[in-house]
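**Student:** Next up is a structure, given as structure tokens.
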Amino acid sequence: MRYATILVTILAAVVAPARGQDATARIKAAQYALGMIRGPQRVDAINTMEYWGTGTAGRPVAKVTYHVSLSYFTPAMRVDVMRDPGGRQIQVVSGNFAWDESVPGGGFIPDTTATPAPAAVKDRLLQLWSTPHGALKAAERSASSAKVTKENGATAITFPMTAPLAGITMKITLNASDHVEKVETRTENGTVTETIYSDYKDLGEIQSDVLFPLHITQKQGGVQVLDLAITKTDPNNPYVVFPVPENVEKPK
């Protein structure tokens, strides 16, 4: 009985690293496929990004123009949406803080506002890490706990997210070209968000071989909430800043 226990322990030790190595290889292949691995050191060089698009969003559905700027390093994200009807909405997250701006940089410019939104921190960080490049970065951090499976001929990488999004499970589905085709997240209470990415191209004004999807759709709880056609990207580490307004960082 003791020998059987020892054998099981040895097998577990062997299988776990093998699974992590398999996930690491699949993640690295996808990063190469999207053009994230760059430079003579062959490292992930995508730190900041911007993209623009048009389409529909929300419930009720509204026509939108969309501008997203993000930093995977900070991490931070600004989603600037013009809705018709509905007007402008600017949602920001930076580290442990979230807020809404009246204009980009609101709270630092005279006659502008920054409204704290602390309850939105996790949702907005999850949106950041659900972008194609962000999902692969999140997967890389959790590669030792990731599981690689085949689903209808496609590769799926499933892993638990790390703090501050601990308790959320992410599943990335890769297509035959190793492009991120779908990102599915499931929270502890069972809320499922599914984002579909398709038709990858180099959309930068300066060509860099960094690919981004032309089409993005998203469902929450099975209901479609976003349908975007991406018109332009800047993946060449654009200068984007996300200073936290004082009234957000130190609310009275």
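Ligands are numbered from 1 in the order shown, chains are lettered A, B, ... in the order of the structure tokens, and residues start at 1 in each chain.
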Using only C-alpha atoms, find each residue in range 203-229 of chain A having at least one atom no more than 10 Å away from range 48-51 of chain A; report its shortest atom-to-atom pair and that distance in Å (one decimal), rows by chain then rising number, as a tab-separated table.

**Tutor:**
```
residue	atom	partner	partner_atom	distance
A:Leu203	CA	A:Tyr51	CA	9.0
A:Gly204	CA	A:Tyr51	CA	9.1
A:Phe212	CA	A:Tyr51	CA	9.0
```

**Student:** Just write the chosen residues, C-alpha atoms, as a JSON list (two decimals), in the first residue's frame.

**Tutor:**
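Final output, saved to result_27.json:
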```json
[["chain", "number", "residue", "atom", "x", "y", "z"],
["A", 203, "LEU", "CA", -4.30, 47.42, -38.62],
["A", 204, "GLY", "CA", -1.57, 49.82, -37.53],
["A", 212, "PHE", "CA", -5.59, 42.46, -34.03]]
```

**Student:** Where in range 107-162 of chain A does DSSP assign alpha helix (DSSP H), given as a PyMOL selection string?

**Tutor:** chain A and resi 121-129+132-141

**Student:** Set the distance at 9 Å and use only C-alpha atoms: which residues neighbour Ser142 in chain A once local chain neighbours fewer than 2 positions away are removed? I'd like the list as a VMD selection string.

**Tutor:** chain A and resid 20 137 to 140 144 to 146 159 to 162

**Student:** Take the residues from that selection and write them out as a compact mmCIF listing (two decimals), in the first residue's frame, keeping N, CA, C and O atoms.

**Tutor:**
```
# COMPACT_ATOMS: atom_id res chain seq x y z
N GLY A 20 1.96 21.84 -17.31
CA GLY A 20 2.38 23.23 -17.36
C GLY A 20 3.25 23.53 -18.56
O GLY A 20 3.11 24.57 -19.21
N LYS A 137 -1.30 37.02 -21.92
CA LYS A 137 -0.45 37.44 -20.81
C LYS A 137 -0.95 36.83 -19.50
O LYS A 137 -0.15 36.35 -18.66
N ALA A 138 -2.27 36.85 -19.30
CA ALA A 138 -2.85 36.26 -18.09
C ALA A 138 -2.60 34.76 -18.06
O ALA A 138 -2.28 34.19 -17.01
N ALA A 139 -2.71 34.10 -19.21
CA ALA A 139 -2.46 32.67 -19.29
C ALA A 139 -1.01 32.34 -18.96
O ALA A 139 -0.73 31.35 -18.27
N GLU A 140 -0.11 33.18 -19.44
CA GLU A 140 1.32 32.93 -19.19
C GLU A 140 1.62 32.95 -17.69
O GLU A 140 2.40 32.14 -17.19
N SER A 144 1.40 27.25 -15.06
CA SER A 144 1.63 26.04 -14.27
C SER A 144 0.33 25.40 -13.81
O SER A 144 0.30 24.21 -13.47
N SER A 145 -0.76 26.20 -13.79
CA SER A 145 -2.07 25.68 -13.37
C SER A 145 -3.02 25.49 -14.55
O SER A 145 -4.18 25.13 -14.35
N ALA A 146 -2.53 25.74 -15.76
CA ALA A 146 -3.40 25.70 -16.94
C ALA A 146 -3.58 24.28 -17.46
O ALA A 146 -2.70 23.43 -17.32
N PHE A 159 -7.59 28.13 -17.22
CA PHE A 159 -6.74 28.38 -16.06
C PHE A 159 -7.46 29.30 -15.06
O PHE A 159 -8.34 30.08 -15.44
N PRO A 160 -7.07 29.22 -13.78
CA PRO A 160 -7.60 30.14 -12.78
C PRO A 160 -6.85 31.45 -12.85
O PRO A 160 -5.62 31.47 -12.99
N MET A 161 -7.55 32.56 -12.73
CA MET A 161 -6.89 33.85 -12.75
C MET A 161 -6.30 34.16 -11.37
O MET A 161 -6.73 33.62 -10.35
N THR A 162 -5.32 35.05 -11.37
CA THR A 162 -4.63 35.40 -10.13
C THR A 162 -5.22 36.68 -9.54
O THR A 162 -6.01 37.38 -10.18
```

**Student:** Which is closest to Val43 in chain A among A:Thr155, A:Gln224, A:Gln31, A:Ser102, if we use only C-alpha atoms?

**Tutor:** A:Gln31

**Student:** Rounded to one decimal in Å, what is the spacing between CA of Ala23 in chain A and CA of Gly222 in chain A?

**Tutor:**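 For CA of Ala23 in chain A relative to CA of Gly222 in chain A, the distance reads 28.0 Å.
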
**Student:** Considering only C-alpha atoms, return as number ranges by chain whatever protein or nucleic-acid residues lie within 10 Å of Gly86 in chain A, sequence-local ones (same chain, fewer than 5 positions apart) excluded.

**Tutor:** A: 62-64, 81

**Student:** Mind writing the picked residues with C-alpha atoms as an mmCIF file, in the first residue's frame?

**Tutor:**
```cif
data_model
loop_
_atom_site.group_PDB
_atom_site.id
_atom_site.type_symbol
_atom_site.label_atom_id
_atom_site.label_comp_id
_atom_site.auth_asym_id
_atom_site.auth_seq_id
_atom_site.Cartn_x
_atom_site.Cartn_y
_atom_site.Cartn_z
ATOM 1 C CA ALA A 62 -27.097 51.829 -29.303
ATOM 2 C CA LYS A 63 -24.797 52.717 -32.143
ATOM 3 C CA VAL A 64 -21.289 53.419 -30.842
ATOM 4 C CA VAL A 81 -17.550 55.337 -26.018
#
```

**Student:** Find the residues around range 233-248 of chain A up to 10 Å (only C-alpha atoms counted), leave out those fewer than 6 positions away in its own chain, and share them as an NGL selection string.

**Tutor:** :A and (35-36 or 45-53 or 67-71 or 74-78 or 92-100 or 104-108 or 113-118 or 201-214)

**Student:** With C-alpha atoms retained, export the selected residues as a compact mmCIF listing (two decimals), in the first residue's frame.

**Tutor:**
```
# COMPACT_ATOMS: atom_id res chain seq x y z
CA GLY A 35 3.24 39.22 -33.19
CA MET A 36 3.75 39.79 -29.46
CA ALA A 45 7.13 43.50 -26.15
CA ILE A 46 3.46 44.57 -26.19
CA ASN A 47 3.03 46.83 -23.16
CA THR A 48 0.52 49.47 -24.28
CA MET A 49 -2.02 49.62 -27.10
CA GLU A 50 -4.86 51.64 -28.59
CA TYR A 51 -7.68 50.59 -30.88
CA TRP A 52 -10.72 52.22 -32.47
CA GLY A 53 -13.97 50.81 -33.82
CA HIS A 67 -11.72 54.12 -28.53
CA VAL A 68 -9.74 52.00 -26.10
CA SER A 69 -6.32 52.80 -24.67
CA LEU A 70 -4.68 50.32 -22.34
CA SER A 71 -1.56 49.39 -20.46
CA THR A 74 0.15 49.21 -15.04
CA PRO A 75 -2.48 47.52 -15.52
CA ALA A 76 -4.97 50.14 -16.76
CA MET A 77 -7.62 50.72 -19.41
CA ARG A 78 -9.70 53.64 -20.67
CA VAL A 92 -11.29 53.97 -16.55
CA VAL A 93 -9.46 51.49 -14.35
CA SER A 94 -5.89 51.83 -13.12
CA GLY A 95 -4.53 49.33 -10.64
CA ASN A 96 -6.91 49.18 -7.69
CA PHE A 97 -8.96 52.23 -8.73
CA ALA A 98 -11.84 52.74 -11.15
CA TRP A 99 -13.65 55.93 -12.13
CA ASP A 100 -15.72 57.60 -14.86
CA PRO A 104 -10.27 61.93 -21.07
CA GLY A 105 -8.14 63.05 -18.15
CA GLY A 106 -11.19 64.30 -16.26
CA GLY A 107 -10.37 65.48 -12.76
CA PHE A 108 -7.08 67.05 -13.82
CA THR A 113 -15.00 65.58 -13.37
CA ALA A 114 -13.79 62.17 -12.28
CA THR A 115 -16.46 60.10 -10.53
CA PRO A 116 -15.20 57.21 -8.37
CA ALA A 117 -16.52 53.76 -9.33
CA PRO A 118 -14.85 51.39 -6.84
CA LYS A 201 -4.98 41.79 -39.51
CA ASP A 202 -2.17 44.28 -38.99
CA LEU A 203 -4.30 47.42 -38.62
CA GLY A 204 -1.57 49.82 -37.53
CA GLU A 205 -0.75 52.93 -39.53
CA ILE A 206 2.86 51.79 -39.10
CA GLN A 207 3.00 48.13 -40.07
CA SER A 208 4.54 46.00 -37.33
CA ASP A 209 3.13 42.47 -37.86
CA VAL A 210 1.19 42.78 -34.59
CA LEU A 211 -2.22 41.35 -35.39
CA PHE A 212 -5.59 42.46 -34.03
CA PRO A 213 -9.10 41.20 -34.83
CA LEU A 214 -11.26 43.12 -37.29
```

**Student:** What does the distance between CA of Asp199 in chain A and CA of Ser177 in chain A come to in Å, to one decimal place?

**Tutor:**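 It comes out at 11.0 Å.
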
**Student:** Report, in Å to a single decimal, how far apart CA of Thr65 in chain A and CA of Thr112 in chain A are.

**Tutor:**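 Separating CA of Thr112 in chain A from CA of Thr65 in chain A is a distance of 21.4 Å.
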
**Student:** As a PyMOL selection string, list the residues of range 129-247 of chain A assigned to strand (DSSP E or B) by DSSP on the backbone atoms of this structure.

**Tutor:** chain A and resi 147-151+154-160+169-174+180-186+192-201+204+212-220+223-234

**Student:** Could you write out the selected residues, including C-alpha atoms, as a PDB file, in the first residue's frame?

**Tutor:**
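The result, stored in result_8.pdb:
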```pdb
ATOM      1  CA  LYS A 147      -5.030  22.756 -18.690  1.00  0.00           C
ATOM      2  CA  VAL A 148      -4.862  22.274 -22.466  1.00  0.00           C
ATOM      3  CA  THR A 149      -7.679  20.390 -24.172  1.00  0.00           C
ATOM      4  CA  LYS A 150      -9.108  19.877 -27.659  1.00  0.00           C
ATOM      5  CA  GLU A 151     -12.689  21.013 -28.264  1.00  0.00           C
ATOM      6  CA  ALA A 154      -9.684  23.658 -31.544  1.00  0.00           C
ATOM      7  CA  THR A 155      -7.149  24.126 -28.736  1.00  0.00           C
ATOM      8  CA  ALA A 156      -8.543  25.399 -25.428  1.00  0.00           C
ATOM      9  CA  ILE A 157      -6.417  26.666 -22.535  1.00  0.00           C
ATOM     10  CA  THR A 158      -8.251  26.883 -19.203  1.00  0.00           C
ATOM     11  CA  PHE A 159      -6.743  28.383 -16.060  1.00  0.00           C
ATOM     12  CA  PRO A 160      -7.604  30.138 -12.780  1.00  0.00           C
ATOM     13  CA  THR A 169     -11.699  31.018 -14.487  1.00  0.00           C
ATOM     14  CA  MET A 170     -10.639  31.976 -18.011  1.00  0.00           C
ATOM     15  CA  LYS A 171     -10.738  29.745 -21.071  1.00  0.00           C
ATOM     16  CA  ILE A 172      -8.958  30.775 -24.280  1.00  0.00           C
ATOM     17  CA  THR A 173      -9.840  29.032 -27.530  1.00  0.00           C
ATOM     18  CA  LEU A 174      -7.255  29.169 -30.326  1.00  0.00           C
ATOM     19  CA  VAL A 180      -7.245  33.881 -29.978  1.00  0.00           C
ATOM     20  CA  GLU A 181     -10.718  33.041 -31.260  1.00  0.00           C
ATOM     21  CA  LYS A 182     -12.709  33.123 -28.031  1.00  0.00           C
ATOM     22  CA  VAL A 183     -12.166  34.216 -24.430  1.00  0.00           C
ATOM     23  CA  GLU A 184     -14.667  32.915 -21.903  1.00  0.00           C
ATOM     24  CA  THR A 185     -14.627  33.978 -18.254  1.00  0.00           C
ATOM     25  CA  ARG A 186     -16.672  32.464 -15.450  1.00  0.00           C
ATOM     26  CA  VAL A 192     -20.231  33.851 -17.957  1.00  0.00           C
ATOM     27  CA  THR A 193     -18.848  36.414 -20.409  1.00  0.00           C
ATOM     28  CA  GLU A 194     -17.908  35.221 -23.889  1.00  0.00           C
ATOM     29  CA  THR A 195     -15.886  37.396 -26.283  1.00  0.00           C
ATOM     30  CA  ILE A 196     -15.369  36.294 -29.889  1.00  0.00           C
ATOM     31  CA  TYR A 197     -12.481  37.606 -32.031  1.00  0.00           C
ATOM     32  CA  SER A 198     -12.159  37.065 -35.786  1.00  0.00           C
ATOM     33  CA  ASP A 199     -10.375  38.180 -38.975  1.00  0.00           C
ATOM     34  CA  TYR A 200      -6.965  39.141 -37.621  1.00  0.00           C
ATOM     35  CA  LYS A 201      -4.985  41.791 -39.513  1.00  0.00           C
ATOM     36  CA  GLY A 204      -1.571  49.818 -37.533  1.00  0.00           C
ATOM     37  CA  PHE A 212      -5.588  42.457 -34.035  1.00  0.00           C
ATOM     38  CA  PRO A 213      -9.103  41.198 -34.826  1.00  0.00           C
ATOM     39  CA  LEU A 214     -11.258  43.116 -37.287  1.00  0.00           C
ATOM     40  CA  HIS A 215     -14.417  41.935 -35.541  1.00  0.00           C
ATOM     41  CA  ILE A 216     -15.288  41.636 -31.840  1.00  0.00           C
ATOM     42  CA  THR A 217     -18.560  40.411 -30.349  1.00  0.00           C
ATOM     43  CA  GLN A 218     -19.359  39.845 -26.699  1.00  0.00           C
ATOM     44  CA  LYS A 219     -22.120  38.076 -24.790  1.00  0.00           C
ATOM     45  CA  GLN A 220     -22.866  38.290 -21.083  1.00  0.00           C
ATOM     46  CA  VAL A 223     -27.090  38.073 -24.270  1.00  0.00           C
ATOM     47  CA  GLN A 224     -25.077  39.978 -26.866  1.00  0.00           C
ATOM     48  CA  VAL A 225     -23.827  43.310 -25.501  1.00  0.00           C
ATOM     49  CA  LEU A 226     -21.162  44.296 -28.025  1.00  0.00           C
ATOM     50  CA  ASP A 227     -20.598  44.044 -31.783  1.00  0.00           C
ATOM     51  CA  LEU A 228     -17.596  46.024 -33.034  1.00  0.00           C
ATOM     52  CA  ALA A 229     -15.814  46.462 -36.345  1.00  0.00           C
ATOM     53  CA  ILE A 230     -12.248  47.543 -35.562  1.00  0.00           C
ATOM     54  CA  THR A 231     -11.000  50.281 -37.875  1.00  0.00           C
ATOM     55  CA  LYS A 232      -7.496  51.067 -36.560  1.00  0.00           C
ATOM     56  CA  THR A 233      -4.962  49.988 -33.980  1.00  0.00           C
ATOM     57  CA  ASP A 234      -1.717  51.314 -32.548  1.00  0.00           C
TER      58      ASP A 234
END
```

**Student:** As a PyMOL selection string, please: the residues near Thr24 in chain A (cut-off 6 Å, only C-alpha atoms, same-chain neighbours under 3 positions excluded).

**Tutor:** chain A and resi 21+27+143

**Student:** Using only C-alpha atoms, which of the listed residues (A:Arg141, A:Asn152, A:Lys122, A:Asp178) sits closest to Pro164 in chain A?

**Tutor:**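 Comparing A:Arg141, A:Asn152, A:Lys122, A:Asp178 against Pro164 in chain A, the winner is A:Lys122.
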